Each structure stands twice: as structure tokens, then as C-alpha cells.
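Student: Got a structure for you, input27.tsv, holding TSV, C-alpha atoms and all ligand atoms.
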```tsv
chain	number	residue	atom	x	y	z
F	24	MET	CA	126.85	129.49	89.03
F	25	LYS	CA	123.42	130.62	90.22
F	26	ASN	CA	122.05	130.30	86.68
F	27	ILE	CA	123.40	126.75	86.33
F	28	LEU	CA	121.65	125.83	89.59
F	29	LYS	CA	118.41	127.42	88.35
F	30	VAL	CA	118.52	125.45	85.08
F	31	GLY	CA	119.28	122.27	87.05
F	32	LYS	CA	116.27	122.87	89.33
F	33	LEU	CA	114.01	123.57	86.36
F	34	LYS	CA	115.07	120.32	84.66
F	35	LEU	CA	114.50	118.38	87.86
F	36	TRP	CA	111.05	119.95	88.19
F	37	GLN	CA	110.18	119.10	84.57
F	38	LYS	CA	111.28	115.52	85.15
F	39	TYR	CA	109.22	115.34	88.33
F	40	CYS	CA	106.12	116.61	86.47
F	41	GLU	CA	106.66	114.11	83.66
F	42	ASN	CA	106.97	111.28	86.21
F	43	GLN	CA	103.80	112.37	87.94
F	44	ARG	CA	101.98	112.35	84.61
F	45	THR	CA	103.03	108.83	83.68
F	46	LYS	CA	102.82	107.28	87.13
F	47	HIS	CA	99.53	108.90	88.09
F	48	PRO	CA	97.38	109.14	84.98
F	49	LEU	CA	94.57	111.65	85.24
F	50	THR	CA	91.30	109.73	85.55
F	51	TYR	CA	89.17	111.98	87.78
F	52	LEU	CA	88.55	115.69	87.58
F	53	PHE	CA	86.47	117.56	90.14
F	54	TRP	CA	84.76	120.77	89.12
F	55	GLU	CA	83.29	122.75	92.01
F	56	CYS	CA	80.98	124.61	89.66
F	57	THR	CA	79.32	126.96	92.16
F	58	LEU	CA	79.40	127.99	95.80
F	59	LYS	CA	75.66	128.71	95.73
F	60	CYS	CA	73.35	126.24	97.42
F	61	ASN	CA	69.63	126.30	98.14
F	62	LEU	CA	70.27	124.61	101.47
F	63	GLY	CA	72.90	126.02	103.81
F	64	CYS	CA	73.88	123.14	106.01
F	65	GLN	CA	75.85	123.95	109.13
F	66	HIS	CA	78.24	121.12	108.38
F	67	CYS	CA	78.96	122.29	104.80
F	68	GLY	CA	82.64	121.79	104.11
F	69	SER	CA	82.69	124.30	101.23
F	70	SER	CA	81.02	127.28	102.97
F	71	CYS	CA	78.21	127.15	100.41
F	72	GLY	CA	74.93	128.97	100.86
F	73	LEU	CA	72.24	131.16	99.38
F	74	GLU	CA	74.46	134.17	99.00
F	75	ASN	CA	75.49	135.03	95.43
F	76	LYS	CA	79.16	134.19	94.98
F	77	SER	CA	79.07	134.00	91.18
F	78	GLN	CA	81.95	136.48	90.92
F	79	GLU	CA	84.16	133.70	92.33
F	80	GLU	CA	83.08	131.24	89.64
F	81	LEU	CA	84.57	130.58	86.23
F	82	SER	CA	82.46	131.93	83.37
F	83	THR	CA	80.96	129.61	80.75
F	84	ASP	CA	83.78	130.31	78.29
F	85	GLU	CA	86.49	130.03	80.93
F	86	ILE	CA	85.44	126.57	82.08
F	87	LYS	CA	84.89	125.39	78.50
F	88	ASN	CA	88.43	126.54	77.70
F	89	VAL	CA	89.79	124.68	80.73
F	90	PHE	CA	88.13	121.44	79.60
F	91	ALA	CA	89.28	121.93	76.00
F	92	SER	CA	92.86	122.49	77.10
F	93	ILE	CA	92.80	119.38	79.35
F	94	ALA	CA	91.37	117.38	76.42
F	95	LYS	CA	94.38	118.43	74.34
F	96	ASP	CA	96.93	117.26	76.93
F	97	PHE	CA	95.19	114.09	78.12
F	98	ASP	CA	92.88	111.45	76.72
F	99	PRO	CA	89.39	112.69	77.73
F	100	LYS	CA	87.96	109.20	77.18
F	101	GLN	CA	89.94	108.04	80.23
F	102	ILE	CA	88.65	110.86	82.43
F	103	ILE	CA	85.41	111.31	84.35
F	104	ILE	CA	84.45	114.79	85.51
F	105	ALA	CA	82.70	114.91	88.88
F	106	VAL	CA	80.63	118.08	89.12
F	107	THR	CA	80.12	119.30	92.69
F	108	GLY	CA	79.20	122.54	94.43
F	109	GLY	CA	77.37	124.00	96.18
F	110	GLU	CA	74.34	122.75	94.35
F	111	PRO	CA	75.31	122.24	90.69
F	112	LEU	CA	71.70	122.55	89.51
F	113	LEU	CA	71.73	126.24	90.50
F	114	ARG	CA	74.28	126.93	87.79
F	115	LYS	CA	72.31	128.00	84.70
F	116	ASP	CA	74.94	126.99	82.12
F	117	LEU	CA	75.61	123.59	83.73
F	118	PHE	CA	74.15	121.43	80.98
F	119	GLU	CA	75.58	123.58	78.18
F	120	VAL	CA	79.07	123.22	79.69
F	121	MET	CA	78.76	119.50	80.39
F	122	LYS	CA	77.32	118.75	76.96
F	123	TYR	CA	80.38	120.46	75.55
F	124	ALA	CA	82.65	118.42	77.86
F	125	ASN	CA	80.91	115.26	76.71
F	126	GLU	CA	81.45	116.22	73.07
F	127	LEU	CA	85.15	116.60	73.88
F	128	GLY	CA	85.09	112.98	75.01
F	129	PHE	CA	84.78	113.25	78.81
F	130	SER	CA	82.19	111.31	80.73
F	131	TRP	CA	80.69	113.07	83.72
F	132	GLY	CA	78.61	112.76	86.83
F	133	MET	CA	77.15	115.03	89.46
F	134	VAL	CA	76.88	115.31	93.22
F	135	THR	CA	73.59	116.99	94.14
F	136	ASN	CA	71.39	117.46	97.19
F	137	GLY	CA	68.53	116.27	94.97
F	138	THR	CA	66.02	118.92	95.99
F	139	LEU	CA	65.85	120.59	92.56
F	140	LEU	CA	65.38	117.44	90.51
F	141	SER	CA	62.41	117.49	88.15
F	142	THR	CA	61.36	115.71	84.99
F	143	LYS	CA	62.69	118.64	82.93
F	144	ILE	CA	66.07	118.45	84.68
F	145	VAL	CA	66.20	114.69	84.13
F	146	GLU	CA	65.66	115.29	80.39
F	147	LYS	CA	68.54	117.78	80.38
F	148	MET	CA	70.76	115.26	82.17
F	149	LYS	CA	69.99	112.71	79.48
F	150	GLU	CA	70.67	115.19	76.66
F	151	ALA	CA	74.04	116.08	78.18
F	152	ILE	CA	74.81	112.31	78.56
F	153	MET	CA	75.33	112.40	82.31
F	154	SER	CA	76.48	108.95	83.44
F	155	THR	CA	76.52	109.00	87.25
F	156	ILE	CA	74.72	110.81	90.04
F	157	SER	CA	75.38	110.95	93.79
F	158	ILE	CA	72.58	112.23	95.99
F	159	SER	CA	73.07	113.05	99.64
F	160	LEU	CA	70.47	111.78	102.08
F	161	ASP	CA	71.26	113.25	105.46
F	162	GLY	CA	68.97	111.36	107.78
F	163	LEU	CA	65.72	109.56	108.39
F	164	LYS	CA	63.59	112.30	109.92
F	165	LYS	CA	62.54	113.87	106.62
F	166	ILE	CA	62.17	110.48	105.00
F	167	THR	CA	59.48	111.69	102.56
F	168	ILE	CA	61.93	114.13	100.95
F	169	GLY	CA	64.43	111.30	100.73
F	170	LEU	CA	61.92	109.02	99.02
F	171	ASP	CA	60.98	111.68	96.46
F	172	VAL	CA	64.63	112.07	95.62
F	173	ILE	CA	65.11	108.31	95.28
F	174	ARG	CA	62.04	108.10	93.02
F	175	MET	CA	63.42	110.87	90.81
F	176	ALA	CA	66.88	109.29	90.77
F	177	SER	CA	65.43	105.97	89.61
F	178	LYS	CA	64.09	107.76	86.52
F	179	ILE	CA	67.62	108.82	85.60
F	180	LEU	CA	69.38	105.54	86.28
F	181	PRO	CA	66.80	102.77	85.96
F	182	MET	CA	67.40	100.26	88.75
F	183	GLU	CA	67.30	96.59	87.83
F	201	LIG	S1	73.58	120.61	100.47
F	201	LIG	FE1	75.79	120.20	100.34
F	201	LIG	S2	76.66	121.96	99.29
F	201	LIG	FE2	74.62	122.56	100.00
F	201	LIG	S3	74.99	123.56	101.97
F	201	LIG	FE3	74.50	121.41	102.36
F	201	LIG	S4	76.50	120.39	102.46
F	201	LIG	FE4	76.84	122.38	101.47
```
In C-alpha cells, what does this structure look like?
Ligand code: SF4
Tutor:
Amino acid sequence: MKNILKVGKLKLWQKYCENQRTKHPLTYLFWECTLKCNLGCQHCGSSCGLENKSQEELSTDEIKNVFASIAKDFDPKQIIIAVTGGEPLLRKDLFEVMKYANELGFSWGMVTNGTLLSTKIVEKMKEAIMSTISISLDGLKKITIGLDVIRMASKILPME
């Protein structure tokens, strides 16, 4: 009797998962690629900071495998990967991984604090076909930093 109940529960669970897949198609994936950040804001919701927490991160191969396996089960062309952190630009393999994701068919974008942007980084973004960027501007007091970031951002996504 117990076994019949178990099988029944398993079938119900499979049906539930199938329903979730068809009713809620996967369109957005968030990858929190690192907990390292060159800032260390008190309000940080992810407890990110300067301390090295790389042992808690997926390796290059692990995250590539995750993306490859998702690309097998879903249509990657319908999915955008939002890369967040910490500060994604502190992750050395970021562009290698995201170029690979793009080759699998995903489009992708990044949330960054903007402080590490440079012409070289912008070139890497272009090579890895990054399509969106979100930059946090926390206030008006350090407006010059904000303007530098906006200037750099306009090189990535030319404003019309
Ligand atoms: S810049 Fe963002 S990720 Fe970094 S510490 Fe501040 S809130 Fe956290």
C-alpha cells in the first residue's frame, strides 16, 4: 500500500513539474557568478565583499556544464542570462564562460557597479556579445564617479 502511495505521489510530482514547465516557460536565468566585490556596501543584500569566497563559486567547467545542460532541455534562444554578483568583473573567466553561453544560443546581460569598466573590458563585452548592462548609481554626492560610469556605458550601448 505504501509503495502504491509513493508511486502516486511521484506521478503527481512529475505532472506538477511538467505543468510548471509549460505554463511558466524559462525566459530568465540569474547567475550570481561571484560573492567577491571591490566595494562592500553596508546595504549589500548578498553579503558580498573583498574577502575571497571563490571556494563557494562554481568552477569554469561546472558553470559551462550547467549552461550546456539547460540548453539541451530548453530553447536557449528564448532565454536571457542575467549575470550578477558581487561584482561580475572580478571573475577572471567571466567572458570565456559567457562567450560559451552565447555560442550555445543564450543572450546575456550584466549587473555591475561600473567601477572596473575600461576600454579593454568594453572590447571583451563586445566579443562575448553582451546585450544588456545595468549599472548601479547610488547617489548624487560622488557624481563624478557616476558620470564616468555613464560615459563608459555609452560606449557599450550607443545612445541615440
Ligand atoms: S556594489 Fe553591489 S554587490 Fe558590491 S557590495 Fe555593493 S551592493 Fe553588494
Student: For a quick check of understanding, using all atoms listed in the file, which of F:Thr50, F:Gln101, F:Ser157, F:Thr135 has the smallest distance to ligand LIG 201 (chain F)?
Tutor: F:Thr135
Student: In Å, how far is it from CA of Lys122 (chain F) to CA of Ser82 (chain F)?
Tutor: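 These two atoms are separated by 15.5 Å.
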Student: What is the CA of Arg114 (chain F)-CA of Gln78 (chain F) distance in Å, reported with one decimal?
Tutor: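 Rounded to one decimal, the two atoms are 12.6 Å apart.
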Student: Give me, as a list in words, all polymer residues having an atom no more than 9 Å from Asn61 (chain F), counting all atoms listed in the file and skipping those fewer than 5 positions away in the same chain.
Tutor: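 Residues meeting the cut-off are Cys71, Gly72, Leu73, Gly109, Glu110, Leu113, Thr138 and Leu139 of chain F.
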Student: Give me the residues of chain F that have any atom at most 8 Å from an atom of ligand LIG 201 (chain F); for each, the nearest atom pair and the distance in Å, rounded to one decimal. Use all atoms listed in the file, sort by chain and number, and format it as JSON lines.
Tutor:
```
{"residue": "F:Leu58", "atom": "CA", "partner": "F:LIG201", "partner_atom": "S2", "distance": 7.5}
{"residue": "F:Lys59", "atom": "CA", "partner": "F:LIG201", "partner_atom": "FE2", "distance": 7.6}
{"residue": "F:Cys60", "atom": "CA", "partner": "F:LIG201", "partner_atom": "FE2", "distance": 4.7}
{"residue": "F:Asn61", "atom": "CA", "partner": "F:LIG201", "partner_atom": "FE2", "distance": 6.5}
{"residue": "F:Leu62", "atom": "CA", "partner": "F:LIG201", "partner_atom": "S3", "distance": 4.9}
{"residue": "F:Gly63", "atom": "CA", "partner": "F:LIG201", "partner_atom": "S3", "distance": 3.7}
{"residue": "F:Cys64", "atom": "CA", "partner": "F:LIG201", "partner_atom": "FE3", "distance": 4.1}
{"residue": "F:Gln65", "atom": "CA", "partner": "F:LIG201", "partner_atom": "S3", "distance": 7.2}
{"residue": "F:His66", "atom": "CA", "partner": "F:LIG201", "partner_atom": "S4", "distance": 6.2}
{"residue": "F:Cys67", "atom": "CA", "partner": "F:LIG201", "partner_atom": "S4", "distance": 3.9}
{"residue": "F:Gly68", "atom": "CA", "partner": "F:LIG201", "partner_atom": "FE4", "distance": 6.4}
{"residue": "F:Ser69", "atom": "CA", "partner": "F:LIG201", "partner_atom": "FE4", "distance": 6.2}
{"residue": "F:Ser70", "atom": "CA", "partner": "F:LIG201", "partner_atom": "FE4", "distance": 6.6}
{"residue": "F:Cys71", "atom": "CA", "partner": "F:LIG201", "partner_atom": "S3", "distance": 5.1}
{"residue": "F:Gly72", "atom": "CA", "partner": "F:LIG201", "partner_atom": "S3", "distance": 5.5}
{"residue": "F:Thr107", "atom": "CA", "partner": "F:LIG201", "partner_atom": "S2", "distance": 7.9}
{"residue": "F:Gly108", "atom": "CA", "partner": "F:LIG201", "partner_atom": "S2", "distance": 5.5}
{"residue": "F:Gly109", "atom": "CA", "partner": "F:LIG201", "partner_atom": "S2", "distance": 3.8}
{"residue": "F:Glu110", "atom": "CA", "partner": "F:LIG201", "partner_atom": "S2", "distance": 5.5}
{"residue": "F:Thr135", "atom": "CA", "partner": "F:LIG201", "partner_atom": "S1", "distance": 7.3}
{"residue": "F:Asn136", "atom": "CA", "partner": "F:LIG201", "partner_atom": "S1", "distance": 5.0}
{"residue": "F:Ser159", "atom": "CA", "partner": "F:LIG201", "partner_atom": "S1", "distance": 7.6}
```
Student: Pick the closest to Gly137 (chain F) from F:Val106, F:Ile158, F:Phe118, F:Ala151: which is it, counting only C-alpha atoms?
Tutor: F:Ile158
Student: What is the CA of Lys29 (chain F)-CA of Thr45 (chain F) distance in Å, reported with one decimal?
Tutor: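 CA of Lys29 (chain F) sits 24.6 Å away from CA of Thr45 (chain F).
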Student: Using all atoms listed in the file, which of F:Val120, F:Leu28, F:Leu140, F:Leu49 sits nearest Asp84 (chain F)?
Tutor: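 Looking at the shortest contact to Asp84 (chain F), the residue is F:Val120.
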Student: Identify which of the residues F:Lys95, F:Arg44, F:Lys147, F:Lys76 lies closest to Asp116 (chain F), counting only C-alpha atoms when measuring atom-to-atom distances.
Tutor: F:Lys147
Student: So that I can see what lies close to Met148 (chain F), please list as number ranges by chain the residues with an atom at most 12 Å from it, counting only C-alpha atoms and leaving out residues fewer than 2 positions away in the same chain.
Tutor: F: 111-112, 117-122, 125, 131-133, 140-146, 150-156, 176, 178-180
Student: Taking (88.5, 118.3, 84.1) in the file's own coordinates, collect the residues within 7 Å, counting only C-alpha atoms, and hand them back as an mmCIF file with C-alpha atoms, in the frame of the given file.
Tutor:
```
data_model
loop_
_atom_site.group_PDB
_atom_site.id
_atom_site.type_symbol
_atom_site.label_atom_id
_atom_site.label_comp_id
_atom_site.auth_asym_id
_atom_site.auth_seq_id
_atom_site.Cartn_x
_atom_site.Cartn_y
_atom_site.Cartn_z
ATOM 1 C CA LEU F 52 88.550 115.690 87.580
ATOM 2 C CA PHE F 53 86.470 117.560 90.140
ATOM 3 C CA TRP F 54 84.760 120.770 89.120
ATOM 4 C CA PHE F 90 88.130 121.440 79.600
ATOM 5 C CA ILE F 93 92.800 119.380 79.350
ATOM 6 C CA ILE F 104 84.450 114.790 85.510
#
```
Student: When distances are computed from all atoms listed in the file, which of F:Lys115, F:Lys100, F:Lys87, F:Lys34 shows the smallest separation from Gly128 (chain F)?
Tutor: F:Lys100
Student: Quick one: region 37-69 of chain F from the block, N, CA and C atoms, as a CSV table (one decimal), in the first residue's frame.
Tutor:
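The file below, out-v7.csv, is the result:
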```
chain,number,residue,atom,x,y,z
F,37,GLN,N,5.7,14.6,-11.0
F,37,GLN,CA,6.1,14.7,-12.4
F,37,GLN,C,5.2,15.5,-13.2
F,38,LYS,N,3.9,15.3,-12.9
F,38,LYS,CA,2.8,16.1,-13.6
F,38,LYS,C,2.9,17.6,-13.3
F,39,TYR,N,3.1,17.8,-12.0
F,39,TYR,CA,3.3,19.2,-11.5
F,39,TYR,C,4.5,19.9,-12.2
F,40,CYS,N,5.6,19.2,-12.3
F,40,CYS,CA,6.8,19.7,-12.9
F,40,CYS,C,6.6,20.0,-14.4
F,41,GLU,N,5.9,19.1,-15.0
F,41,GLU,CA,5.6,19.3,-16.5
F,41,GLU,C,4.7,20.5,-16.7
F,42,ASN,N,3.7,20.6,-15.8
F,42,ASN,CA,2.8,21.8,-15.8
F,42,ASN,C,3.6,23.1,-15.7
F,43,GLN,N,4.5,23.1,-14.7
F,43,GLN,CA,5.3,24.3,-14.4
F,43,GLN,C,6.1,24.7,-15.6
F,44,ARG,N,6.6,23.6,-16.3
F,44,ARG,CA,7.4,23.9,-17.5
F,44,ARG,C,6.6,24.5,-18.6
F,45,THR,N,5.4,24.0,-18.8
F,45,THR,CA,4.7,24.5,-20.0
F,45,THR,C,4.0,25.9,-19.7
F,46,LYS,N,3.5,26.0,-18.4
F,46,LYS,CA,2.8,27.2,-18.0
F,46,LYS,C,3.8,28.4,-17.8
F,47,HIS,N,5.0,28.1,-17.3
F,47,HIS,CA,5.9,29.1,-17.0
F,47,HIS,C,7.2,28.9,-17.7
F,48,PRO,N,7.2,29.2,-19.0
F,48,PRO,CA,8.5,28.9,-19.8
F,48,PRO,C,9.7,29.7,-19.2
F,49,LEU,N,10.8,29.0,-19.2
F,49,LEU,CA,12.0,29.7,-18.7
F,49,LEU,C,12.5,30.8,-19.7
F,50,THR,N,12.5,32.0,-19.2
F,50,THR,CA,13.0,33.1,-20.1
F,50,THR,C,14.1,33.8,-19.5
F,51,TYR,N,14.3,33.7,-18.2
F,51,TYR,CA,15.3,34.5,-17.4
F,51,TYR,C,16.1,33.6,-16.5
F,52,LEU,N,17.4,33.6,-16.6
F,52,LEU,CA,18.2,32.9,-15.7
F,52,LEU,C,19.1,33.8,-15.0
F,53,PHE,N,19.3,33.7,-13.7
F,53,PHE,CA,20.2,34.6,-13.0
F,53,PHE,C,21.4,33.8,-12.5
F,54,TRP,N,22.6,34.2,-12.9
F,54,TRP,CA,23.8,33.6,-12.4
F,54,TRP,C,24.6,34.5,-11.5
F,55,GLU,N,24.6,34.2,-10.2
F,55,GLU,CA,25.3,35.0,-9.2
F,55,GLU,C,26.7,34.5,-9.3
F,56,CYS,N,27.6,35.1,-10.1
F,56,CYS,CA,28.8,34.4,-10.6
F,56,CYS,C,29.9,34.5,-9.5
F,57,THR,N,29.8,35.5,-8.6
F,57,THR,CA,30.8,35.6,-7.5
F,57,THR,C,30.3,36.3,-6.3
F,58,LEU,N,30.8,36.1,-5.2
F,58,LEU,CA,30.4,36.8,-4.0
F,58,LEU,C,31.5,37.9,-3.7
F,59,LYS,N,32.5,38.0,-4.5
F,59,LYS,CA,33.6,39.0,-4.3
F,59,LYS,C,33.1,40.3,-4.9
F,60,CYS,N,33.4,41.4,-4.2
F,60,CYS,CA,33.1,42.7,-4.7
F,60,CYS,C,34.2,43.7,-4.2
F,61,ASN,N,34.5,44.6,-5.1
F,61,ASN,CA,35.5,45.6,-4.8
F,61,ASN,C,35.0,46.7,-3.9
F,62,LEU,N,33.6,46.8,-3.8
F,62,LEU,CA,33.1,47.7,-2.8
F,62,LEU,C,32.8,47.0,-1.5
F,63,GLY,N,31.7,47.0,-1.0
F,63,GLY,CA,31.5,46.4,0.3
F,63,GLY,C,30.4,47.2,1.0
F,64,CYS,N,29.4,47.4,0.3
F,64,CYS,CA,28.3,48.3,0.7
F,64,CYS,C,27.6,47.7,2.0
F,65,GLN,N,27.3,48.6,2.9
F,65,GLN,CA,26.6,48.1,4.1
F,65,GLN,C,25.3,47.5,3.8
F,66,HIS,N,24.6,48.0,2.7
F,66,HIS,CA,23.3,47.5,2.4
F,66,HIS,C,23.3,46.3,1.5
F,67,CYS,N,24.5,45.7,1.2
F,67,CYS,CA,24.5,44.6,0.2
F,67,CYS,C,23.6,43.5,0.7
F,68,GLY,N,22.8,43.1,-0.2
F,68,GLY,CA,21.8,42.0,0.1
F,68,GLY,C,22.4,40.6,-0.1
F,69,SER,N,23.6,40.5,-0.7
F,69,SER,CA,24.2,39.2,-0.9
F,69,SER,C,25.4,39.0,-0.1
```
